[in-house]
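Source file: coords30.cif. Holds: mmCIF, N, CA and C atoms.
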data_data
loop_
_atom_site.label_atom_id
_atom_site.label_comp_id
_atom_site.auth_asym_id
_atom_site.auth_seq_id
_atom_site.Cartn_x
_atom_site.Cartn_y
_atom_site.Cartn_z
N MET H 1 0.85 -1.19 0.00
CA MET H 1 0.00 0.00 0.00
C MET H 1 0.89 1.24 0.00
N ILE H 2 0.50 2.22 -0.83
CA ILE H 2 1.28 3.45 -0.87
C ILE H 2 0.76 4.43 0.17
N ASN H 3 1.59 5.38 0.52
CA ASN H 3 1.25 6.43 1.51
C ASN H 3 0.82 5.84 2.85
N LYS H 4 1.38 4.72 3.22
CA LYS H 4 1.01 4.05 4.47
C LYS H 4 1.30 4.94 5.68
N ASP H 5 2.43 5.66 5.63
CA ASP H 5 2.80 6.52 6.76
C ASP H 5 1.84 7.71 6.88
N LYS H 6 1.38 8.26 5.75
CA LYS H 6 0.43 9.38 5.79
C LYS H 6 -0.91 8.93 6.36
N LEU H 7 -1.34 7.73 5.96
CA LEU H 7 -2.60 7.20 6.48
C LEU H 7 -2.50 6.91 7.98
N ALA H 8 -1.32 6.46 8.41
CA ALA H 8 -1.12 6.18 9.84
C ALA H 8 -1.15 7.48 10.65
N LYS H 9 -0.55 8.55 10.09
CA LYS H 9 -0.59 9.85 10.77
C LYS H 9 -2.02 10.36 10.88
N ARG H 10 -2.79 10.17 9.82
CA ARG H 10 -4.18 10.61 9.83
C ARG H 10 -4.99 9.83 10.86
N GLN H 11 -4.75 8.53 10.94
CA GLN H 11 -5.47 7.70 11.91
C GLN H 11 -5.08 8.07 13.34
N ASP H 12 -3.80 8.37 13.55
CA ASP H 12 -3.34 8.75 14.89
C ASP H 12 -3.98 10.06 15.34
N ALA H 13 -4.07 11.03 14.41
CA ALA H 13 -4.71 12.31 14.74
C ALA H 13 -6.19 12.11 15.03
N LYS H 14 -6.83 11.20 14.30
CA LYS H 14 -8.25 10.95 14.49
C LYS H 14 -8.54 10.34 15.86
N GLU H 15 -7.60 9.52 16.36
CA GLU H 15 -7.80 8.89 17.66
C GLU H 15 -7.78 9.90 18.81
N HIS H 16 -7.11 11.03 18.60
CA HIS H 16 -7.03 12.04 19.66
C HIS H 16 -8.20 13.02 19.63
N ASN H 17 -9.04 12.93 18.60
CA ASN H 17 -10.20 13.82 18.49
C ASN H 17 -11.38 13.24 19.25
N PRO H 18 -12.25 14.09 19.78
CA PRO H 18 -13.46 13.57 20.43
C PRO H 18 -14.42 13.00 19.38
N ASP H 19 -15.38 12.21 19.83
CA ASP H 19 -16.42 11.73 18.93
C ASP H 19 -17.46 12.84 18.82
N PHE H 20 -17.55 13.42 17.64
CA PHE H 20 -18.50 14.50 17.44
C PHE H 20 -19.86 13.91 17.12
N VAL H 21 -20.83 14.11 18.01
CA VAL H 21 -22.16 13.58 17.79
C VAL H 21 -23.17 14.72 17.75
N ARG H 22 -24.25 14.48 17.04
CA ARG H 22 -25.29 15.49 16.92
C ARG H 22 -25.92 15.77 18.28
N PRO H 23 -26.14 17.04 18.61
CA PRO H 23 -26.76 17.37 19.89
C PRO H 23 -28.13 16.69 20.02
N GLU H 24 -28.41 16.17 21.21
CA GLU H 24 -29.67 15.53 21.56
C GLU H 24 -29.91 14.21 20.83
N SER H 25 -28.93 13.72 20.05
CA SER H 25 -29.13 12.44 19.36
C SER H 25 -29.17 11.29 20.34
N TRP H 26 -28.58 11.49 21.53
CA TRP H 26 -28.64 10.46 22.56
C TRP H 26 -29.99 10.44 23.26
N ARG H 27 -30.76 11.48 23.04
CA ARG H 27 -32.03 11.64 23.75
C ARG H 27 -33.23 11.19 22.92
N TYR H 28 -33.15 11.44 21.60
CA TYR H 28 -34.27 11.12 20.71
C TYR H 28 -33.84 10.10 19.67
N VAL H 29 -34.63 9.04 19.55
CA VAL H 29 -34.30 7.98 18.60
C VAL H 29 -34.38 8.49 17.17
N ARG H 30 -35.26 9.44 16.90
CA ARG H 30 -35.47 9.92 15.53
C ARG H 30 -34.28 10.70 14.98
N LEU H 31 -33.37 11.14 15.84
CA LEU H 31 -32.21 11.90 15.37
C LEU H 31 -31.03 10.98 15.13
N GLN H 32 -30.42 11.13 13.97
CA GLN H 32 -29.22 10.36 13.65
C GLN H 32 -28.04 10.95 14.42
N THR H 33 -26.94 10.19 14.51
CA THR H 33 -25.80 10.66 15.31
C THR H 33 -24.83 11.51 14.50
N GLY H 34 -25.01 11.60 13.18
CA GLY H 34 -24.11 12.41 12.35
C GLY H 34 -24.10 13.86 12.77
N TRP H 35 -22.95 14.51 12.71
CA TRP H 35 -22.76 15.85 13.22
C TRP H 35 -23.62 16.89 12.53
N ARG H 36 -24.27 17.71 13.33
CA ARG H 36 -24.94 18.93 12.87
C ARG H 36 -24.55 20.03 13.84
N LYS H 37 -24.23 21.20 13.29
CA LYS H 37 -23.78 22.29 14.15
C LYS H 37 -24.97 22.87 14.91
N PRO H 38 -24.84 23.05 16.24
CA PRO H 38 -25.91 23.70 16.99
C PRO H 38 -25.94 25.20 16.67
N LYS H 39 -27.12 25.70 16.29
CA LYS H 39 -27.19 27.08 15.81
C LYS H 39 -28.09 27.99 16.63
N GLY H 40 -28.74 27.46 17.64
CA GLY H 40 -29.64 28.29 18.43
C GLY H 40 -28.89 29.30 19.29
N ILE H 41 -29.55 30.42 19.64
CA ILE H 41 -28.87 31.47 20.40
C ILE H 41 -28.57 31.04 21.82
N ASP H 42 -29.38 30.15 22.37
CA ASP H 42 -29.16 29.68 23.73
C ASP H 42 -28.84 28.19 23.78
N HIS H 43 -28.36 27.63 22.71
CA HIS H 43 -28.15 26.18 22.67
C HIS H 43 -27.09 25.76 23.68
N HIS H 44 -27.44 24.75 24.50
CA HIS H 44 -26.56 24.34 25.59
C HIS H 44 -25.21 23.82 25.10
N GLN H 45 -25.18 23.14 23.97
CA GLN H 45 -23.90 22.59 23.51
C GLN H 45 -23.03 23.68 22.89
N ARG H 46 -23.65 24.58 22.16
CA ARG H 46 -22.88 25.67 21.55
C ARG H 46 -22.25 26.55 22.61
N LYS H 47 -22.98 26.81 23.70
CA LYS H 47 -22.46 27.64 24.77
C LYS H 47 -21.68 26.84 25.81
N GLN H 48 -21.70 25.51 25.67
CA GLN H 48 -21.01 24.61 26.60
C GLN H 48 -21.49 24.80 28.04
N TRP H 49 -22.81 24.88 28.20
CA TRP H 49 -23.38 24.94 29.55
C TRP H 49 -23.29 23.56 30.17
N GLY H 50 -22.96 23.52 31.44
CA GLY H 50 -22.95 22.25 32.16
C GLY H 50 -21.76 21.39 31.78
N ARG H 51 -21.51 20.38 32.61
CA ARG H 51 -20.38 19.52 32.36
C ARG H 51 -20.81 18.32 31.52
N GLY H 52 -19.88 17.74 30.86
CA GLY H 52 -20.15 16.53 30.11
C GLY H 52 -20.76 16.75 28.75
N ARG H 53 -20.77 17.99 28.27
CA ARG H 53 -21.30 18.24 26.94
C ARG H 53 -20.26 17.81 25.91
N PRO H 54 -20.68 17.15 24.83
CA PRO H 54 -19.72 16.77 23.79
C PRO H 54 -19.10 18.00 23.13
N GLY H 55 -17.89 17.83 22.59
CA GLY H 55 -17.19 18.96 21.99
C GLY H 55 -17.80 19.41 20.69
N LEU H 56 -17.43 20.60 20.29
CA LEU H 56 -17.86 21.16 19.02
C LEU H 56 -16.77 20.96 17.98
N VAL H 57 -17.17 20.80 16.73
CA VAL H 57 -16.22 20.69 15.64
C VAL H 57 -15.55 22.04 15.45
N LYS H 58 -14.22 22.05 15.45
CA LYS H 58 -13.47 23.29 15.26
C LYS H 58 -12.30 23.03 14.32
N VAL H 59 -11.72 24.12 13.82
CA VAL H 59 -10.65 24.04 12.85
C VAL H 59 -9.46 23.20 13.33
N GLY H 60 -9.12 23.30 14.58
CA GLY H 60 -7.93 22.63 15.09
C GLY H 60 -7.99 21.11 15.12
N PHE H 61 -9.17 20.54 14.91
CA PHE H 61 -9.31 19.09 14.95
C PHE H 61 -9.04 18.42 13.62
N GLY H 62 -8.66 19.17 12.59
CA GLY H 62 -8.42 18.59 11.28
C GLY H 62 -7.21 17.67 11.26
N GLY H 63 -7.16 16.80 10.28
CA GLY H 63 -6.05 15.86 10.14
C GLY H 63 -4.84 16.53 9.51
N PRO H 64 -3.74 15.79 9.34
CA PRO H 64 -2.54 16.36 8.73
C PRO H 64 -2.80 16.79 7.29
N ARG H 65 -2.23 17.90 6.90
CA ARG H 65 -2.48 18.46 5.58
C ARG H 65 -2.03 17.52 4.45
N ASP H 66 -0.90 16.82 4.66
CA ASP H 66 -0.39 15.98 3.58
C ASP H 66 -1.20 14.71 3.36
N SER H 67 -2.08 14.36 4.30
CA SER H 67 -2.89 13.15 4.12
C SER H 67 -4.34 13.46 3.76
N ARG H 68 -4.66 14.74 3.56
CA ARG H 68 -6.02 15.08 3.17
C ARG H 68 -6.25 14.69 1.72
N GLY H 69 -7.44 14.23 1.42
CA GLY H 69 -7.79 13.85 0.05
C GLY H 69 -7.32 12.47 -0.34
N LEU H 70 -6.74 11.73 0.59
CA LEU H 70 -6.31 10.37 0.27
C LEU H 70 -7.47 9.39 0.45
N HIS H 71 -7.59 8.48 -0.48
CA HIS H 71 -8.54 7.38 -0.37
C HIS H 71 -7.99 6.41 0.67
N PRO H 72 -8.83 5.63 1.34
CA PRO H 72 -8.31 4.68 2.33
C PRO H 72 -7.30 3.69 1.76
N SER H 73 -7.28 3.51 0.44
CA SER H 73 -6.30 2.62 -0.18
C SER H 73 -4.91 3.27 -0.25
N GLY H 74 -4.83 4.59 -0.02
CA GLY H 74 -3.56 5.30 -0.06
C GLY H 74 -3.37 6.11 -1.33
N PHE H 75 -4.21 5.89 -2.35
CA PHE H 75 -4.11 6.66 -3.58
C PHE H 75 -4.86 7.98 -3.43
N THR H 76 -4.47 9.00 -4.23
CA THR H 76 -5.24 10.23 -4.24
C THR H 76 -6.51 10.00 -5.03
N ASP H 77 -7.56 10.70 -4.68
CA ASP H 77 -8.87 10.51 -5.29
C ASP H 77 -9.06 11.59 -6.36
N ASN H 78 -9.10 11.19 -7.64
CA ASN H 78 -9.22 12.13 -8.74
C ASN H 78 -10.47 11.85 -9.55
N LEU H 79 -11.25 12.90 -9.81
CA LEU H 79 -12.47 12.77 -10.58
C LEU H 79 -12.14 12.88 -12.06
N VAL H 80 -12.63 11.91 -12.85
CA VAL H 80 -12.30 11.83 -14.28
C VAL H 80 -13.59 11.82 -15.09
N TYR H 81 -13.63 12.63 -16.16
CA TYR H 81 -14.80 12.69 -17.02
C TYR H 81 -14.54 12.19 -18.43
N ASN H 82 -13.26 12.12 -18.84
CA ASN H 82 -12.94 11.60 -20.17
C ASN H 82 -11.53 11.02 -20.17
N THR H 83 -11.15 10.44 -21.30
CA THR H 83 -9.85 9.77 -21.37
C THR H 83 -8.69 10.75 -21.32
N ALA H 84 -8.93 12.01 -21.71
CA ALA H 84 -7.86 13.01 -21.66
C ALA H 84 -7.46 13.31 -20.21
N ASP H 85 -8.42 13.21 -19.29
CA ASP H 85 -8.12 13.45 -17.88
C ASP H 85 -7.17 12.40 -17.31
N ILE H 86 -7.23 11.18 -17.84
CA ILE H 86 -6.39 10.10 -17.34
C ILE H 86 -4.92 10.36 -17.66
N GLU H 87 -4.66 10.96 -18.82
CA GLU H 87 -3.27 11.16 -19.27
C GLU H 87 -2.50 12.11 -18.37
N LYS H 88 -3.21 12.94 -17.60
CA LYS H 88 -2.54 13.90 -16.71
C LYS H 88 -2.12 13.27 -15.39
N LEU H 89 -2.55 12.02 -15.12
CA LEU H 89 -2.36 11.40 -13.81
C LEU H 89 -1.26 10.34 -13.84
N ASP H 90 -0.77 10.01 -12.66
CA ASP H 90 0.29 9.00 -12.49
C ASP H 90 -0.30 7.76 -11.83
N PRO H 91 -0.20 6.58 -12.49
CA PRO H 91 -0.82 5.38 -11.93
C PRO H 91 -0.20 4.90 -10.62
N LYS H 92 1.00 5.36 -10.30
CA LYS H 92 1.65 4.91 -9.06
C LYS H 92 1.07 5.60 -7.83
N THR H 93 0.59 6.83 -7.98
CA THR H 93 0.11 7.58 -6.82
C THR H 93 -1.37 7.98 -6.90
N ASP H 94 -1.93 8.02 -8.12
CA ASP H 94 -3.28 8.55 -8.31
C ASP H 94 -4.29 7.44 -8.58
N GLY H 95 -5.44 7.53 -7.93
CA GLY H 95 -6.57 6.66 -8.23
C GLY H 95 -7.61 7.44 -9.01
N ILE H 96 -8.55 6.72 -9.61
CA ILE H 96 -9.54 7.35 -10.48
C ILE H 96 -10.94 7.10 -9.95
N ARG H 97 -11.75 8.14 -9.95
CA ARG H 97 -13.18 8.02 -9.69
C ARG H 97 -13.88 8.63 -10.90
N ILE H 98 -14.66 7.81 -11.60
CA ILE H 98 -15.33 8.27 -12.82
C ILE H 98 -16.54 9.13 -12.42
N GLY H 99 -16.70 10.27 -13.11
CA GLY H 99 -17.76 11.21 -12.78
C GLY H 99 -19.15 10.61 -12.89
N HIS H 100 -20.08 11.10 -12.09
CA HIS H 100 -21.44 10.55 -12.01
C HIS H 100 -22.19 10.70 -13.33
N GLY H 101 -21.95 11.80 -14.03
CA GLY H 101 -22.70 12.06 -15.26
C GLY H 101 -22.15 11.37 -16.49
N VAL H 102 -21.10 10.58 -16.36
CA VAL H 102 -20.50 9.90 -17.51
C VAL H 102 -21.35 8.68 -17.86
N GLY H 103 -21.70 8.56 -19.15
CA GLY H 103 -22.54 7.45 -19.61
C GLY H 103 -21.77 6.14 -19.71
N THR H 104 -22.50 5.07 -20.00
CA THR H 104 -21.90 3.74 -20.01
C THR H 104 -20.85 3.59 -21.11
N LYS H 105 -21.10 4.15 -22.28
CA LYS H 105 -20.16 4.00 -23.40
C LYS H 105 -18.81 4.62 -23.06
N LYS H 106 -18.83 5.86 -22.62
CA LYS H 106 -17.57 6.53 -22.28
C LYS H 106 -16.96 5.93 -21.02
N ARG H 107 -17.81 5.46 -20.11
CA ARG H 107 -17.33 4.81 -18.89
C ARG H 107 -16.52 3.57 -19.23
N ARG H 108 -16.98 2.81 -20.23
CA ARG H 108 -16.23 1.62 -20.68
C ARG H 108 -14.88 2.03 -21.27
N GLU H 109 -14.87 3.08 -22.06
CA GLU H 109 -13.61 3.56 -22.66
C GLU H 109 -12.62 3.99 -21.57
N ILE H 110 -13.11 4.74 -20.61
CA ILE H 110 -12.25 5.20 -19.51
C ILE H 110 -11.72 4.02 -18.72
N ALA H 111 -12.59 3.04 -18.42
CA ALA H 111 -12.18 1.87 -17.64
C ALA H 111 -11.15 1.05 -18.39
N ALA H 112 -11.32 0.92 -19.71
CA ALA H 112 -10.36 0.15 -20.51
C ALA H 112 -8.99 0.83 -20.53
N GLN H 113 -8.98 2.15 -20.74
CA GLN H 113 -7.71 2.87 -20.77
C GLN H 113 -7.04 2.86 -19.39
N ALA H 114 -7.84 2.99 -18.36
CA ALA H 114 -7.29 2.97 -17.00
C ALA H 114 -6.72 1.61 -16.66
N ALA H 115 -7.38 0.55 -17.11
CA ALA H 115 -6.90 -0.80 -16.82
C ALA H 115 -5.57 -1.07 -17.52
N GLU H 116 -5.44 -0.61 -18.76
CA GLU H 116 -4.18 -0.85 -19.46
C GLU H 116 -3.04 0.01 -18.91
N SER H 117 -3.39 1.16 -18.31
CA SER H 117 -2.38 1.99 -17.66
C SER H 117 -2.15 1.59 -16.21
N LYS H 118 -2.92 0.60 -15.73
CA LYS H 118 -2.81 0.06 -14.37
C LYS H 118 -3.18 1.07 -13.29
N PHE H 119 -4.24 1.83 -13.55
CA PHE H 119 -4.78 2.74 -12.54
C PHE H 119 -5.72 1.97 -11.62
N LYS H 120 -5.88 2.45 -10.39
CA LYS H 120 -6.89 1.91 -9.49
C LYS H 120 -8.17 2.71 -9.72
N ILE H 121 -9.27 2.00 -10.03
CA ILE H 121 -10.56 2.65 -10.27
C ILE H 121 -11.44 2.40 -9.06
N PHE H 122 -11.97 3.47 -8.46
CA PHE H 122 -12.76 3.34 -7.26
C PHE H 122 -14.22 3.01 -7.54
N ASN H 123 -14.72 3.36 -8.72
CA ASN H 123 -16.14 3.10 -9.02
C ASN H 123 -16.34 2.78 -10.50
N ALA H 124 -15.78 1.71 -10.99
CA ALA H 124 -15.87 1.38 -12.42
C ALA H 124 -17.32 1.20 -12.86
N ARG H 125 -18.07 0.35 -12.16
CA ARG H 125 -19.50 0.15 -12.38
C ARG H 125 -19.88 -0.15 -13.84
N VAL H 126 -19.02 -0.86 -14.56
CA VAL H 126 -19.35 -1.28 -15.92
C VAL H 126 -19.07 -2.77 -16.05
N SER H 127 -19.85 -3.41 -16.94
CA SER H 127 -19.62 -4.82 -17.21
C SER H 127 -18.44 -4.93 -18.17
N PRO H 128 -17.89 -6.15 -18.34
CA PRO H 128 -16.78 -6.30 -19.28
C PRO H 128 -17.17 -5.85 -20.69
N VAL H 129 -16.17 -5.51 -21.49
CA VAL H 129 -16.39 -4.86 -22.77
C VAL H 129 -17.24 -5.72 -23.71
N GLY H 130 -17.10 -7.04 -23.67
CA GLY H 130 -17.80 -7.91 -24.61
C GLY H 130 -19.31 -8.03 -24.40
N SER H 131 -19.78 -7.94 -23.16
CA SER H 131 -21.21 -8.19 -22.88
C SER H 131 -22.01 -6.90 -22.89
N LYS H 132 -23.26 -7.02 -23.31
CA LYS H 132 -24.19 -5.88 -23.29
C LYS H 132 -25.28 -6.17 -22.29
N SER H 133 -25.30 -5.42 -21.20
CA SER H 133 -26.36 -5.65 -20.20
C SER H 133 -26.85 -4.37 -19.60
#
Translate this structure into structure tokens?
Amino acid sequence: MINKDKLAKRQDAKEHNPDFVRPESWRYVRLQTGWRKPKGIDHHQRKQWGRGRPGLVKVGFGGPRDSRGLHPSGFTDNLVYNTADIEKLDPKTDGIRIGHGVGTKKRREIAAQAAESKFKIFNARVSPVGSKS
């Protein structure tokens, strides 16, 4: 795996951060735990009233700058819309994510060119070239 040390630094920084949970998600089943910023003028978590309130997301909790934008596989995540975009990338460090609006025909072309250049494709989502389905 490439960039193993960068991923390890990112994981180490993440372990020192608090678990950011949505306010009141522990109280109401209908609320998911994914983070939402408290925005009320008297919100207890925003003002940090009382002890034991979960922390707020702030700038200082970000991960290392050199490991931002890395896919968990260690490759950089690059959005590609055509075959010309592939030629600008390096297969040793860059991975490919094919754009959502790309149709099946062009998606097959991109996947074929990426495979022969030995790129890692994160979302190929096409059948082999010979079959039509």
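Taking range 25-127 of chain H and asking which residues DSSP calls helix (DSSP H, G or I) on the backbone, you get His44, Gln45, Arg46, Lys47, Val59, Gly60, Phe61, Arg65, Asp66, Ser67, Thr83, Ala84, Asp85, Ile86, Glu87, Thr104, Lys105, Lys106, Arg107, Arg108, Glu109, Ile110, Ala111, Ala112, Gln113, Ala114, Ala115 and Glu116 of chain H.
One finds atom C of Phe122 in chain H at 28.7 Å from atom C of Pro18 in chain H.
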As lines of an AutoDock Vina configuration file, please: the centre and edge lengths in Å, to one decimal, of an axis-aligned box enclosing every listed atom of range 56-66 of chain H with 3 Å added on each side.
center_x = -9.1
center_y = 19.4
center_z = 11.8
size_x = 23.5
size_y = 15.4
size_z = 22.9
Would you work out the distance separating CA of Thr83 in chain H from CA of Ile110 in chain H, expressed in Å to one decimal?
5.5 Å
If you count all atoms listed in the file, which residues fall within 5 Å of range 34-40 of chain H, apart from same-chain ones fewer than 3 positions away, as a PyMOL selection string?
chain H and resi 21-22+43
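Going from CA of Val57 in chain H over to CA of Arg30 in chain H, you cover 22.1 Å.
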Give as JSON, numbers by chain every residue, naming chains and numbers as the document does, that has an atom within 6 Å of (-13.2, 10.8, -12.8), counting only C-alpha atoms.
{"H": [78, 79, 80, 81, 96, 97, 98, 99]}
How would you write, as an MDAnalysis selection string, the residues chosen by the PyMOL selection byres (((chain H and resi 106 and name CA) around 12) and name CA) on this structure?
chainID H and resid 80:84 98:105 107:113 124:126 129
Enumerate, in order of chain and increasing residue number, the residues of range 62-105 of chain H with an atom no farther than 6 Å from range 2-16 of chain H, each with its shortest atom pair and distance in Å to one decimal, counting all atoms listed in the file, as JSON lines.
{"residue": "H:Gly63", "atom": "CA", "partner": "H:Arg10", "partner_atom": "CA", "distance": 5.6}
{"residue": "H:Pro64", "atom": "N", "partner": "H:Arg10", "partner_atom": "CA", "distance": 5.2}
{"residue": "H:Ser67", "atom": "CA", "partner": "H:Lys6", "partner_atom": "C", "distance": 5.2}
{"residue": "H:Ser73", "atom": "C", "partner": "H:Ile2", "partner_atom": "N", "distance": 5.5}
{"residue": "H:Gly74", "atom": "CA", "partner": "H:Ile2", "partner_atom": "C", "distance": 4.4}
{"residue": "H:Phe75", "atom": "N", "partner": "H:Ile2", "partner_atom": "C", "distance": 5.8}
Print the selection's residues with N, CA and C atoms to a file, as a short mmCIF file (atom, residue, chain, number, x, y, z; two decimals), in the frame of the given file.
data_model
loop_
_atom_site.label_atom_id
_atom_site.label_comp_id
_atom_site.auth_asym_id
_atom_site.auth_seq_id
_atom_site.Cartn_x
_atom_site.Cartn_y
_atom_site.Cartn_z
N GLY H 63 -7.16 16.80 10.28
CA GLY H 63 -6.05 15.86 10.14
C GLY H 63 -4.84 16.53 9.51
N PRO H 64 -3.74 15.79 9.34
CA PRO H 64 -2.54 16.36 8.73
C PRO H 64 -2.80 16.79 7.29
N SER H 67 -2.08 14.36 4.30
CA SER H 67 -2.89 13.15 4.12
C SER H 67 -4.34 13.46 3.76
N SER H 73 -7.28 3.51 0.44
CA SER H 73 -6.30 2.62 -0.18
C SER H 73 -4.91 3.27 -0.25
N GLY H 74 -4.83 4.59 -0.02
CA GLY H 74 -3.56 5.30 -0.06
C GLY H 74 -3.37 6.11 -1.33
N PHE H 75 -4.21 5.89 -2.35
CA PHE H 75 -4.11 6.66 -3.58
C PHE H 75 -4.86 7.98 -3.43
#
Just add all heavy atoms to range 56-64 of chain H and send it as a compact mmCIF listing (two decimals), keeping the file's coordinate frame.
# COMPACT_ATOMS: atom_id res chain seq x y z
N LEU H 56 -17.43 20.60 20.29
CA LEU H 56 -17.86 21.16 19.02
C LEU H 56 -16.77 20.96 17.98
O LEU H 56 -15.58 20.98 18.30
CB LEU H 56 -18.13 22.66 19.15
CG LEU H 56 -19.27 23.08 20.06
CD1 LEU H 56 -19.27 24.58 20.22
CD2 LEU H 56 -20.59 22.61 19.49
N VAL H 57 -17.17 20.80 16.73
CA VAL H 57 -16.22 20.69 15.64
C VAL H 57 -15.55 22.04 15.45
O VAL H 57 -16.22 23.06 15.33
CB VAL H 57 -16.93 20.25 14.35
CG1 VAL H 57 -15.98 20.28 13.18
CG2 VAL H 57 -17.52 18.87 14.51
N LYS H 58 -14.22 22.05 15.45
CA LYS H 58 -13.47 23.29 15.26
C LYS H 58 -12.30 23.03 14.32
O LYS H 58 -11.92 21.89 14.07
CB LYS H 58 -12.93 23.80 16.60
CG LYS H 58 -14.02 24.27 17.54
CD LYS H 58 -13.47 24.80 18.83
CE LYS H 58 -14.61 25.21 19.74
NZ LYS H 58 -14.36 24.89 21.12
N VAL H 59 -11.72 24.12 13.82
CA VAL H 59 -10.65 24.04 12.85
C VAL H 59 -9.46 23.20 13.33
O VAL H 59 -8.87 22.44 12.58
CB VAL H 59 -10.20 25.48 12.48
CG1 VAL H 59 -8.77 25.52 12.03
CG2 VAL H 59 -11.08 26.03 11.40
N GLY H 60 -9.12 23.30 14.58
CA GLY H 60 -7.93 22.63 15.09
C GLY H 60 -7.99 21.11 15.12
O GLY H 60 -6.98 20.45 15.32
N PHE H 61 -9.17 20.54 14.91
CA PHE H 61 -9.31 19.09 14.95
C PHE H 61 -9.04 18.42 13.62
O PHE H 61 -9.20 17.21 13.50
CB PHE H 61 -10.72 18.71 15.43
CG PHE H 61 -10.95 18.96 16.88
CD1 PHE H 61 -11.94 19.82 17.30
CD2 PHE H 61 -10.18 18.32 17.84
CE1 PHE H 61 -12.17 20.05 18.65
CE2 PHE H 61 -10.40 18.54 19.19
CZ PHE H 61 -11.39 19.40 19.59
N GLY H 62 -8.66 19.17 12.59
CA GLY H 62 -8.42 18.59 11.28
C GLY H 62 -7.21 17.67 11.26
O GLY H 62 -6.34 17.74 12.12
N GLY H 63 -7.16 16.80 10.28
CA GLY H 63 -6.05 15.86 10.14
C GLY H 63 -4.84 16.53 9.51
O GLY H 63 -4.88 17.71 9.15
N PRO H 64 -3.74 15.79 9.34
CA PRO H 64 -2.54 16.36 8.73
C PRO H 64 -2.80 16.79 7.29
O PRO H 64 -3.52 16.11 6.56
CB PRO H 64 -1.54 15.20 8.76
CG PRO H 64 -2.13 14.17 9.63
CD PRO H 64 -3.58 14.42 9.75
